[in-house]
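Enquirer: Provided below: my_file.pdb, containing PDB, C-alpha atoms.
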ATOM      1  CA  PRO X 948     -15.821   2.195  -6.738
ATOM      2  CA  ARG X 949     -14.137   5.547  -6.670
ATOM      3  CA  GLY X 950     -13.126   7.265  -3.473
ATOM      4  CA  GLY X 951     -11.298   4.288  -1.966
ATOM      5  CA  GLY X 952     -14.444   2.397  -0.908
ATOM      6  CA  PRO X 953     -14.712  -1.399  -1.101
ATOM      7  CA  ALA X 954     -16.048  -3.135  -4.176
ATOM      8  CA  PRO X 955     -18.536  -5.994  -3.731
ATOM      9  CA  ARG X 956     -16.938  -9.443  -3.624
ATOM     10  CA  ARG X 957     -13.586  -7.999  -4.685
ATOM     11  CA  SER X 958     -11.887 -11.286  -3.798
ATOM     12  CA  VAL X 959     -13.784 -13.513  -6.230
ATOM     13  CA  PRO X 960     -11.600 -13.030  -9.347
ATOM     14  CA  LEU X 961      -8.606 -14.354  -7.440
ATOM     15  CA  ARG X 962      -9.960 -17.879  -7.473
ATOM     16  CA  THR X 963     -11.648 -17.871 -10.864
ATOM     17  CA  HIS X 964      -8.744 -18.533 -13.246
ATOM     18  CA  ASP X 965      -6.596 -21.033 -11.382
ATOM     19  CA  LYS X 966      -3.887 -21.467 -14.039
ATOM     20  CA  GLU X 967      -3.075 -17.841 -14.636
ATOM     21  CA  PRO X 968      -0.322 -16.154 -12.592
ATOM     22  CA  ARG X 969      -2.483 -13.239 -11.569
ATOM     23  CA  THR X 970      -0.352 -11.246  -9.223
ATOM     24  CA  SER X 971       3.016  -9.607  -9.147
ATOM     25  CA  SER X 972       4.768  -8.805  -5.905
ATOM     26  CA  GLU X 973       7.938  -6.830  -5.470
ATOM     27  CA  ARG X 974      10.644  -7.564  -2.954
ATOM     28  CA  ALA X 975      13.580  -5.514  -1.875
ATOM     29  CA  ALA X 976      16.919  -6.899  -2.974
ATOM     30  CA  ALA X 977      20.475  -5.790  -2.365
ATOM     31  CA  ARG X 978      20.558  -3.782  -5.596
ATOM     32  CA  GLY X 979      17.038  -2.436  -5.608
ATOM     33  CA  VAL X 980      13.493  -3.734  -5.969
ATOM     34  CA  VAL X 981      12.864  -6.795  -8.112
ATOM     35  CA  ARG X 982       9.437  -7.628  -9.538
ATOM     36  CA  VAL X 983       8.524 -11.270  -8.971
ATOM     37  CA  GLN X 984       5.609 -12.994 -10.684
ATOM     38  CA  ARG X 985       3.507 -15.048  -8.276
ATOM     39  CA  ASP X 986       0.963 -17.787  -8.925
ATOM     40  CA  LEU X 987      -1.428 -17.995  -5.972
ATOM     41  CA  SER X 988      -3.722 -20.657  -7.417
ATOM     42  CA  GLY X 989      -2.229 -23.475  -5.367
ATOM     43  CA  ILE X 990      -2.270 -21.901  -1.918
ATOM     44  CA  ASN X 991      -4.891 -20.990   0.632
ATOM     45  CA  PHE X 992      -4.428 -17.231   0.799
ATOM     46  CA  PHE X 993      -7.386 -16.461   3.087
ATOM     47  CA  PRO X 994      -7.415 -14.467   5.263
ATOM     48  CA  PHE X 995      -5.597 -11.419   3.906
ATOM     49  CA  LEU X 996      -5.787  -7.640   3.912
ATOM     50  CA  LEU X 997      -6.975  -5.697   0.877
ATOM     51  CA  CYS X 998      -5.718  -2.122   0.709
ATOM     52  CA  ASN X 999      -7.795  -0.214  -1.833
ATOM     53  CA  VAL X1000      -6.172   3.119  -2.683
ATOM     54  CA  GLY X1001      -8.431   5.438  -4.645
ATOM     55  CA  THR X1002      -9.158   9.043  -3.732
ATOM     56  CA  GLY X1003      -8.652   7.902  -0.157
ATOM     57  CA  CYS X1004      -7.844   4.450   1.190
ATOM     58  CA  SER X1005      -9.883   1.636   2.725
ATOM     59  CA  ILE X1006      -8.365  -1.477   4.286
ATOM     60  CA  LEU X1007     -10.465  -4.639   4.351
ATOM     61  CA  LYS X1008      -9.875  -7.922   6.118
ATOM     62  CA  VAL X1009     -10.997 -10.665   3.740
ATOM     63  CA  THR X1010     -11.647 -14.053   5.358
ATOM     64  CA  SER X1011     -13.382 -15.838   2.468
ATOM     65  CA  GLU X1012     -14.853 -15.219  -0.977
ATOM     66  CA  SER X1013     -18.004 -13.811   0.604
ATOM     67  CA  GLN X1014     -16.880 -12.519   3.999
ATOM     68  CA  PHE X1015     -14.978  -9.278   4.479
ATOM     69  CA  GLU X1016     -15.044  -6.237   6.719
ATOM     70  CA  ARG X1017     -13.507  -2.792   6.632
ATOM     71  CA  VAL X1018     -11.027  -2.659   9.476
ATOM     72  CA  SER X1019      -9.184   0.593   8.809
ATOM     73  CA  GLY X1020      -8.361   3.283   6.295
ATOM     74  CA  THR X1021      -6.973   6.753   5.835
ATOM     75  CA  ALA X1022      -7.893   9.982   4.083
ATOM     76  CA  LEU X1023      -4.542   9.852   2.277
ATOM     77  CA  GLY X1024      -4.733   8.643  -1.299
ATOM     78  CA  GLY X1025      -4.737   9.595  -4.942
ATOM     79  CA  GLY X1026      -6.957  12.603  -4.312
ATOM     80  CA  THR X1027      -4.455  13.912  -1.775
ATOM     81  CA  PHE X1028      -1.617  13.477  -4.247
ATOM     82  CA  LEU X1029      -3.263  15.168  -7.213
ATOM     83  CA  GLY X1030      -4.801  17.958  -5.142
ATOM     84  CA  LEU X1031      -1.450  18.902  -3.603
ATOM     85  CA  CYS X1032       0.324  18.581  -6.949
ATOM     86  CA  ARG X1033      -2.092  21.042  -8.516
ATOM     87  CA  ARG X1034      -1.634  23.486  -5.654
ATOM     88  CA  LEU X1035       2.154  23.212  -5.394
ATOM     89  CA  THR X1036       3.262  22.570  -8.987
ATOM     90  CA  LYS X1037       2.267  23.206 -12.585
ATOM     91  CA  ALA X1038       0.995  19.652 -13.028
ATOM     92  CA  ALA X1039      -2.632  19.618 -14.134
ATOM     93  CA  SER X1040      -3.285  15.881 -14.452
ATOM     94  CA  PHE X1041      -2.318  12.692 -12.666
ATOM     95  CA  LYS X1042      -0.219  11.507 -15.600
ATOM     96  CA  GLU X1043       1.602  14.813 -15.819
ATOM     97  CA  ALA X1044       2.348  14.750 -12.095
ATOM     98  CA  MET X1045       3.646  11.171 -12.254
ATOM     99  CA  ASP X1046       5.812  11.966 -15.274
ATOM    100  CA  MET X1047       7.355  14.808 -13.281
ATOM    101  CA  ALA X1048       7.831  12.602 -10.239
ATOM    102  CA  GLU X1049       9.917  10.089 -12.186
ATOM    103  CA  ASP X1050      12.577  12.782 -12.711
ATOM    104  CA  GLY X1051      12.381  14.223  -9.186
ATOM    105  CA  ASP X1052      14.449  13.779  -6.030
ATOM    106  CA  ALA X1053      12.485  13.584  -2.769
ATOM    107  CA  ARG X1054      15.676  14.127  -0.757
ATOM    108  CA  LYS X1055      15.621  17.767  -1.853
ATOM    109  CA  VAL X1056      12.264  18.134  -0.087
ATOM    110  CA  ASP X1057      12.220  15.630   2.805
ATOM    111  CA  MET X1058      14.474  15.655   5.843
ATOM    112  CA  LEU X1059      16.239  12.354   6.576
ATOM    113  CA  VAL X1060      17.440  10.899   9.858
ATOM    114  CA  ARG X1061      21.054  11.652   8.971
ATOM    115  CA  ASP X1062      20.140  15.304   8.400
ATOM    116  CA  ILE X1063      19.246  15.497  12.093
ATOM    117  CA  TYR X1064      21.581  13.030  13.804
ATOM    118  CA  GLY X1065      24.503  12.926  11.377
ATOM    119  CA  GLU X1066      26.253   9.941   9.828
ATOM    120  CA  GLY X1067      27.180   8.039  12.990
ATOM    121  CA  GLU X1068      26.078   4.426  13.261
ATOM    122  CA  ASP X1069      24.390   4.903  16.623
ATOM    123  CA  ARG X1070      22.089   7.749  15.526
ATOM    124  CA  ALA X1071      21.888   9.089  19.088
ATOM    125  CA  GLY X1072      20.902   5.647  20.367
ATOM    126  CA  LEU X1073      17.879   5.326  18.060
ATOM    127  CA  GLN X1074      19.484   2.721  15.775
ATOM    128  CA  LEU X1075      17.705   4.141  12.750
ATOM    129  CA  PRO X1076      18.999   4.037   9.154
ATOM    130  CA  GLY X1077      20.407   7.364   8.057
ATOM    131  CA  ASP X1078      18.320   7.386   4.866
ATOM    132  CA  LEU X1079      15.029   6.925   6.746
ATOM    133  CA  THR X1080      12.579   9.799   6.285
ATOM    134  CA  ALA X1081      12.500  11.884   9.464
ATOM    135  CA  SER X1082      10.104  14.610   8.312
ATOM    136  CA  PHE X1083       8.225  15.062   5.051
ATOM    137  CA  PHE X1084       8.769  18.441   3.331
ATOM    138  CA  ALA X1085      10.915  19.698   6.225
ATOM    139  CA  ARG X1086      13.636  20.956   3.886
ATOM    140  CA  ALA X1087      11.194  23.617   2.743
ATOM    141  CA  LEU X1088      11.925  25.339   6.070
ATOM    142  CA  SER X1089      15.568  25.915   5.176
ATOM    143  CA  ALA X1090      17.186  28.495   2.935
ATOM    144  CA  GLU X1091      18.351  25.848   0.467
ATOM    145  CA  PRO X1092      17.601  26.289  -3.247
ATOM    146  CA  LYS X1093      13.936  25.900  -4.073
ATOM    147  CA  ALA X1094      12.902  22.389  -5.058
ATOM    148  CA  SER X1095      11.680  21.833  -8.598
ATOM    149  CA  ASP X1096       8.170  20.728  -9.529
ATOM    150  CA  ALA X1097       9.575  17.271 -10.249
ATOM    151  CA  ASP X1098      11.077  17.097  -6.740
ATOM    152  CA  LEU X1099       7.779  18.138  -5.163
ATOM    153  CA  CYS X1100       5.790  15.547  -7.134
ATOM    154  CA  LYS X1101       8.293  12.842  -6.203
ATOM    155  CA  ALA X1102       8.148  13.853  -2.532
ATOM    156  CA  LEU X1103       4.351  13.690  -2.567
ATOM    157  CA  VAL X1104       4.363  10.177  -4.029
ATOM    158  CA  VAL X1105       6.880   9.080  -1.401
ATOM    159  CA  MET X1106       4.948  10.720   1.449
ATOM    160  CA  ILE X1107       1.642   9.103   0.567
ATOM    161  CA  SER X1108       3.134   5.708  -0.301
ATOM    162  CA  GLN X1109       5.225   5.467   2.870
ATOM    163  CA  ASN X1110       2.225   6.336   5.024
ATOM    164  CA  LEU X1111       0.035   3.817   3.202
ATOM    165  CA  ALA X1112       2.684   1.142   3.741
ATOM    166  CA  GLN X1113       2.970   1.918   7.441
ATOM    167  CA  ILE X1114      -0.795   1.856   7.989
ATOM    168  CA  ALA X1115      -1.125  -1.411   6.054
ATOM    169  CA  HIS X1116       1.775  -2.957   7.972
ATOM    170  CA  LEU X1117       0.370  -2.034  11.383
ATOM    171  CA  ASN X1118      -3.049  -3.410  10.443
ATOM    172  CA  ALA X1119      -1.441  -6.636   9.237
ATOM    173  CA  GLN X1120       0.310  -6.995  12.572
ATOM    174  CA  VAL X1121      -2.809  -6.212  14.593
ATOM    175  CA  HIS X1122      -4.805  -8.856  12.711
ATOM    176  CA  GLY X1123      -2.001 -11.407  12.622
ATOM    177  CA  LEU X1124      -1.648 -11.371   8.826
ATOM    178  CA  ARG X1125       1.390 -11.151   6.574
ATOM    179  CA  ARG X1126       0.066 -10.661   3.055
ATOM    180  CA  VAL X1127      -1.492  -7.384   1.881
ATOM    181  CA  PHE X1128      -3.063  -7.039  -1.565
ATOM    182  CA  PHE X1129      -2.841  -3.487  -2.893
ATOM    183  CA  THR X1130      -5.239  -2.177  -5.511
ATOM    184  CA  GLY X1131      -6.952   1.052  -6.580
ATOM    185  CA  ASN X1132      -6.616   3.787  -9.180
ATOM    186  CA  PHE X1133      -3.686   5.484  -7.440
ATOM    187  CA  LEU X1134      -1.550   2.378  -7.984
ATOM    188  CA  ARG X1135      -2.614   1.620 -11.540
ATOM    189  CA  GLY X1136       0.606   1.657 -13.525
ATOM    190  CA  ASN X1137       2.248   3.623 -10.693
ATOM    191  CA  ASP X1138       5.563   1.782 -10.407
ATOM    192  CA  LEU X1139       7.063   4.530  -8.263
ATOM    193  CA  ALA X1140       4.386   4.177  -5.581
ATOM    194  CA  MET X1141       4.569   0.374  -5.691
ATOM    195  CA  ARG X1142       8.352   0.394  -5.307
ATOM    196  CA  THR X1143       8.071   2.780  -2.373
ATOM    197  CA  ILE X1144       5.428   0.653  -0.648
ATOM    198  CA  VAL X1145       7.470  -2.525  -0.999
ATOM    199  CA  TYR X1146      10.708  -0.895   0.119
ATOM    200  CA  THR X1147       8.974   0.646   3.135
ATOM    201  CA  LEU X1148       7.367  -2.642   4.167
ATOM    202  CA  GLN X1149      10.709  -4.412   3.962
ATOM    203  CA  ARG X1150      12.108  -2.018   6.550
ATOM    204  CA  MET X1151       9.169  -2.156   8.957
ATOM    205  CA  PRO X1152       9.639  -3.849  12.337
ATOM    206  CA  ARG X1153       7.138  -6.308  13.717
ATOM    207  CA  VAL X1154       4.638  -5.162  16.331
ATOM    208  CA  VAL X1155       3.491  -7.859  18.738
ATOM    209  CA  VAL X1156      -0.093  -7.484  19.902
ATOM    210  CA  HIS X1157      -1.670  -9.569  22.659
ATOM    211  CA  GLY X1158      -5.404  -9.423  23.150
ATOM    212  CA  GLU X1159      -7.766 -10.841  25.768
ATOM    213  CA  LEU X1160     -11.494 -10.468  26.337
ATOM    214  CA  GLY X1161     -12.095  -7.282  28.253
ATOM    215  CA  ARG X1162      -8.571  -5.925  27.956
ATOM    216  CA  ARG X1163      -5.815  -5.455  25.402
ATOM    217  CA  LYS X1164      -2.080  -5.191  25.945
ATOM    218  CA  ARG X1165       0.378  -3.975  23.331
ATOM    219  CA  ASP X1166       4.105  -4.559  23.360
ATOM    220  CA  LEU X1167       6.689  -2.143  22.025
ATOM    221  CA  LEU X1168       7.653  -2.032  18.372
ATOM    222  CA  LEU X1169      10.412  -4.606  18.137
ATOM    223  CA  PRO X1170      12.121  -6.291  15.184
ATOM    224  CA  VAL X1171      11.575  -9.975  15.913
ATOM    225  CA  GLY X1172      13.355 -11.470  12.920
ATOM    226  CA  ALA X1173      10.249 -12.695  11.134
ATOM    227  CA  GLU X1174       9.603 -12.148   7.447
ATOM    228  CA  PRO X1175       8.286  -8.679   6.602
ATOM    229  CA  THR X1176       4.764  -7.882   5.538
ATOM    230  CA  GLU X1177       4.368  -8.902   1.891
ATOM    231  CA  ALA X1178       2.919  -6.490  -0.658
ATOM    232  CA  VAL X1179       1.098  -8.047  -3.614
ATOM    233  CA  PHE X1180      -0.109  -6.150  -6.679
ATOM    234  CA  PHE X1181      -2.566  -7.440  -9.287
ATOM    235  CA  ARG X1182      -1.807  -7.825 -12.974
ATOM    236  CA  HIS X1183      -5.408  -7.083 -14.007
ATOM    237  CA  GLU X1184      -6.393  -4.759 -11.202
ATOM    238  CA  GLY X1185      -8.247  -2.429 -13.560
ATOM    239  CA  TYR X1186     -10.982  -5.014 -14.154
ATOM    240  CA  PHE X1187     -11.917  -5.496 -10.511
ATOM    241  CA  GLY X1188     -14.473  -2.712 -10.265
ATOM    242  CA  ALA X1189     -16.332  -3.987 -13.344
ATOM    243  CA  ILE X1190     -16.216  -7.609 -12.168
ATOM    244  CA  GLY X1191     -17.387  -6.658  -8.687
ATOM    245  CA  ALA X1192     -20.270  -4.618 -10.100
ATOM    246  CA  TYR X1193     -21.224  -7.495 -12.420
ATOM    247  CA  LEU X1194     -21.248 -10.048  -9.616
ATOM    248  CA  GLU X1195     -23.264  -7.753  -7.384
ATOM    249  CA  GLN X1196     -25.797  -7.244 -10.166
ATOM    250  CA  CYS X1197     -26.055 -11.015 -10.652
ATOM    251  CA  ARG X1198     -26.695 -11.431  -6.949
ATOM    252  CA  ASN X1199     -29.370  -8.716  -6.974
ATOM    253  CA  CYS X1200     -31.075 -10.272  -9.998
ATOM    254  CA  ALA X1201     -31.083 -13.692  -8.345
ATOM    255  CA  SER X1202     -32.499 -12.230  -5.161
ATOM    256  CA  ALA X1203     -35.219 -10.372  -7.066
ATOM    257  CA  ALA X1204     -36.129 -13.532  -8.979
ATOM    258  CA  GLU X1205     -36.466 -15.507  -5.747
ATOM    259  CA  GLN X1206     -38.689 -12.841  -4.215
ATOM    260  CA  GLY X1207     -40.846 -12.818  -7.369
ATOM    261  CA  ARG X1208     -41.628 -16.462  -6.897
TER
END
Take the structure from the file and write it as structure tokens.
Expert:
Amino acid sequence: PRGGGPAPRRSVPLRTHDKEPRTSSERAAARGVVRVQRDLSGINFFPFLLCNVGTGCSILKVTSESQFERVSGTALGGGTFLGLCRRLTKAASFKEAMDMAEDGDARKVDMLVRDIYGEGEDRAGLQLPGDLTASFFARALSAEPKASDADLCKALVVMISQNLAQIAHLNAQVHGLRRVFFTGNFLRGNDLAMRTIVYTLQRMPRVVVHGELGRRKRDLLLPVGAEPTEAVFFRHEGYFGAIGAYLEQCRNCASAAEQGR
């Protein structure tokens, strides 16, 4: 469904065609991001998180083919991107905005850690990478040359994608999960957003959460050396809404038939 809401039984197609490599994940490598084809037919991938990015974003925890719950979300999504692009640039459509973004440079719009703390390794004791985003669109406050429409579109993609990655990562840590499946119209054919999400997740630290009945204690954000949260993207993501609607209709028809008896 549009608007970032969950589709009925969205997980079912994953287990339907066992011999087809249905997903593609991207991992950060020394020279960039490499797309890696994955075949998940031979593993037990439940439970996992499903991050559905449409106009907004919903995050679901999926524990089986028929059990899932919405555990989080955000109002950031494709609607945010296109709305701001139309207000800030000459882009009139999503495709036009994405075409501009491919030629843009977000560093002309965003302020990085090194812009605040310089190039020293210590970074004022924060131990943060110099190329980490410190503040989105903060360069607009300076008297530097005005950013182009392409730069603004690129910065908007980066802003939304980095925030989506952070929210997904924190939810994965809270629920003790490592794999996040990303889907939704905002990501359809959007290699720039997918690359940004993967790169951001690779740099995220682990958050250790301890919970007990009646009380909850949270530790500090600490890199613990474990593997980062894995982002997985579907090859045939565009079919999921239709398949989910079809399966829901089948279920409704079966229920109506049983009641008619």
Enquirer: Quick check on the file I pasted: which residues fall under the PyMOL selection byres ((chain X and resi 996-1013) around 6)? Write them as a PyMOL selection string.
Expert: chain X and resi 950-952+958-959+993-995+1014-1026+1127-1133
Enquirer: Could you pull the residues within 12 Å of range 1076-1091 of chain X, counting only C-alpha atoms, minus those fewer than 5 positions along the same chain, as a ChimeraX atom specification?
Expert: /X:1035,1052-1071,1098-1110,1146-1147,1150-1151
Enquirer: Which residue, X:His1183, X:Asp1096, X:Gly1051, X:Phe992, has the smallest gap to Thr1036 in chain X when you use all atoms listed in the file?
Expert: X:Asp1096
Enquirer: Taking only C-alpha atoms into account, which of X:Leu1134, X:Ala1097, X:Leu1075, X:Ala1038 comes nearest Arg1182 in chain X?
Expert: X:Leu1134
Enquirer: Could you state the separation of CA of Glu1177 in chain X and CA of Leu1111 in chain X in Å, given to one decimal place?
Expert: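 According to the coordinates, CA of Glu1177 in chain X and CA of Leu1111 in chain X are separated by 13.5 Å.
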Enquirer: Can you measure CA of Leu1124 in chain X to CA of Gly1191 in chain X for me? One decimal in Å is fine.
Expert: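 A separation of 24.0 Å between them.
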Enquirer: Any idea what the distance is between CA of Leu1029 in chain X and CA of Ile1114 in chain X?
Expert: 20.4 Å
Enquirer: Which residue, X:Ser1040, X:Thr1176, X:Asn991, X:Gln984, has the smallest gap to His1122 in chain X when you use only C-alpha atoms?
Expert: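 Once distances to His1122 in chain X are computed over only C-alpha atoms, the minimum belongs to X:Thr1176.
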Enquirer: Which residues come within 10 Å of Lys1042 in chain X, counting only C-alpha atoms, excluding same-chain residues fewer than 5 positions away, as an NGL selection string?
Expert: :X and (1029 or 1047-1048 or 1137)
Enquirer: Would you save the residues from that selection as a PDB file, in the frame of the given file, using C-alpha atoms?
Expert:
ATOM      1  CA  LEU X1029      -3.263  15.168  -7.213  1.00  0.00           C
ATOM      2  CA  MET X1047       7.355  14.808 -13.281  1.00  0.00           C
ATOM      3  CA  ALA X1048       7.831  12.602 -10.239  1.00  0.00           C
ATOM      4  CA  ASN X1137       2.248   3.623 -10.693  1.00  0.00           C
TER       5      ASN X1137
END
Enquirer: For a quick check of understanding, using all atoms listed in the file, which of X:Gln1074, X:Asn1199, X:Gly1136, X:Ala1119 has the smallest distance to Phe1041 in chain X?
Expert: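 That would be X:Gly1136, the residue with the smallest distance to Phe1041 in chain X.
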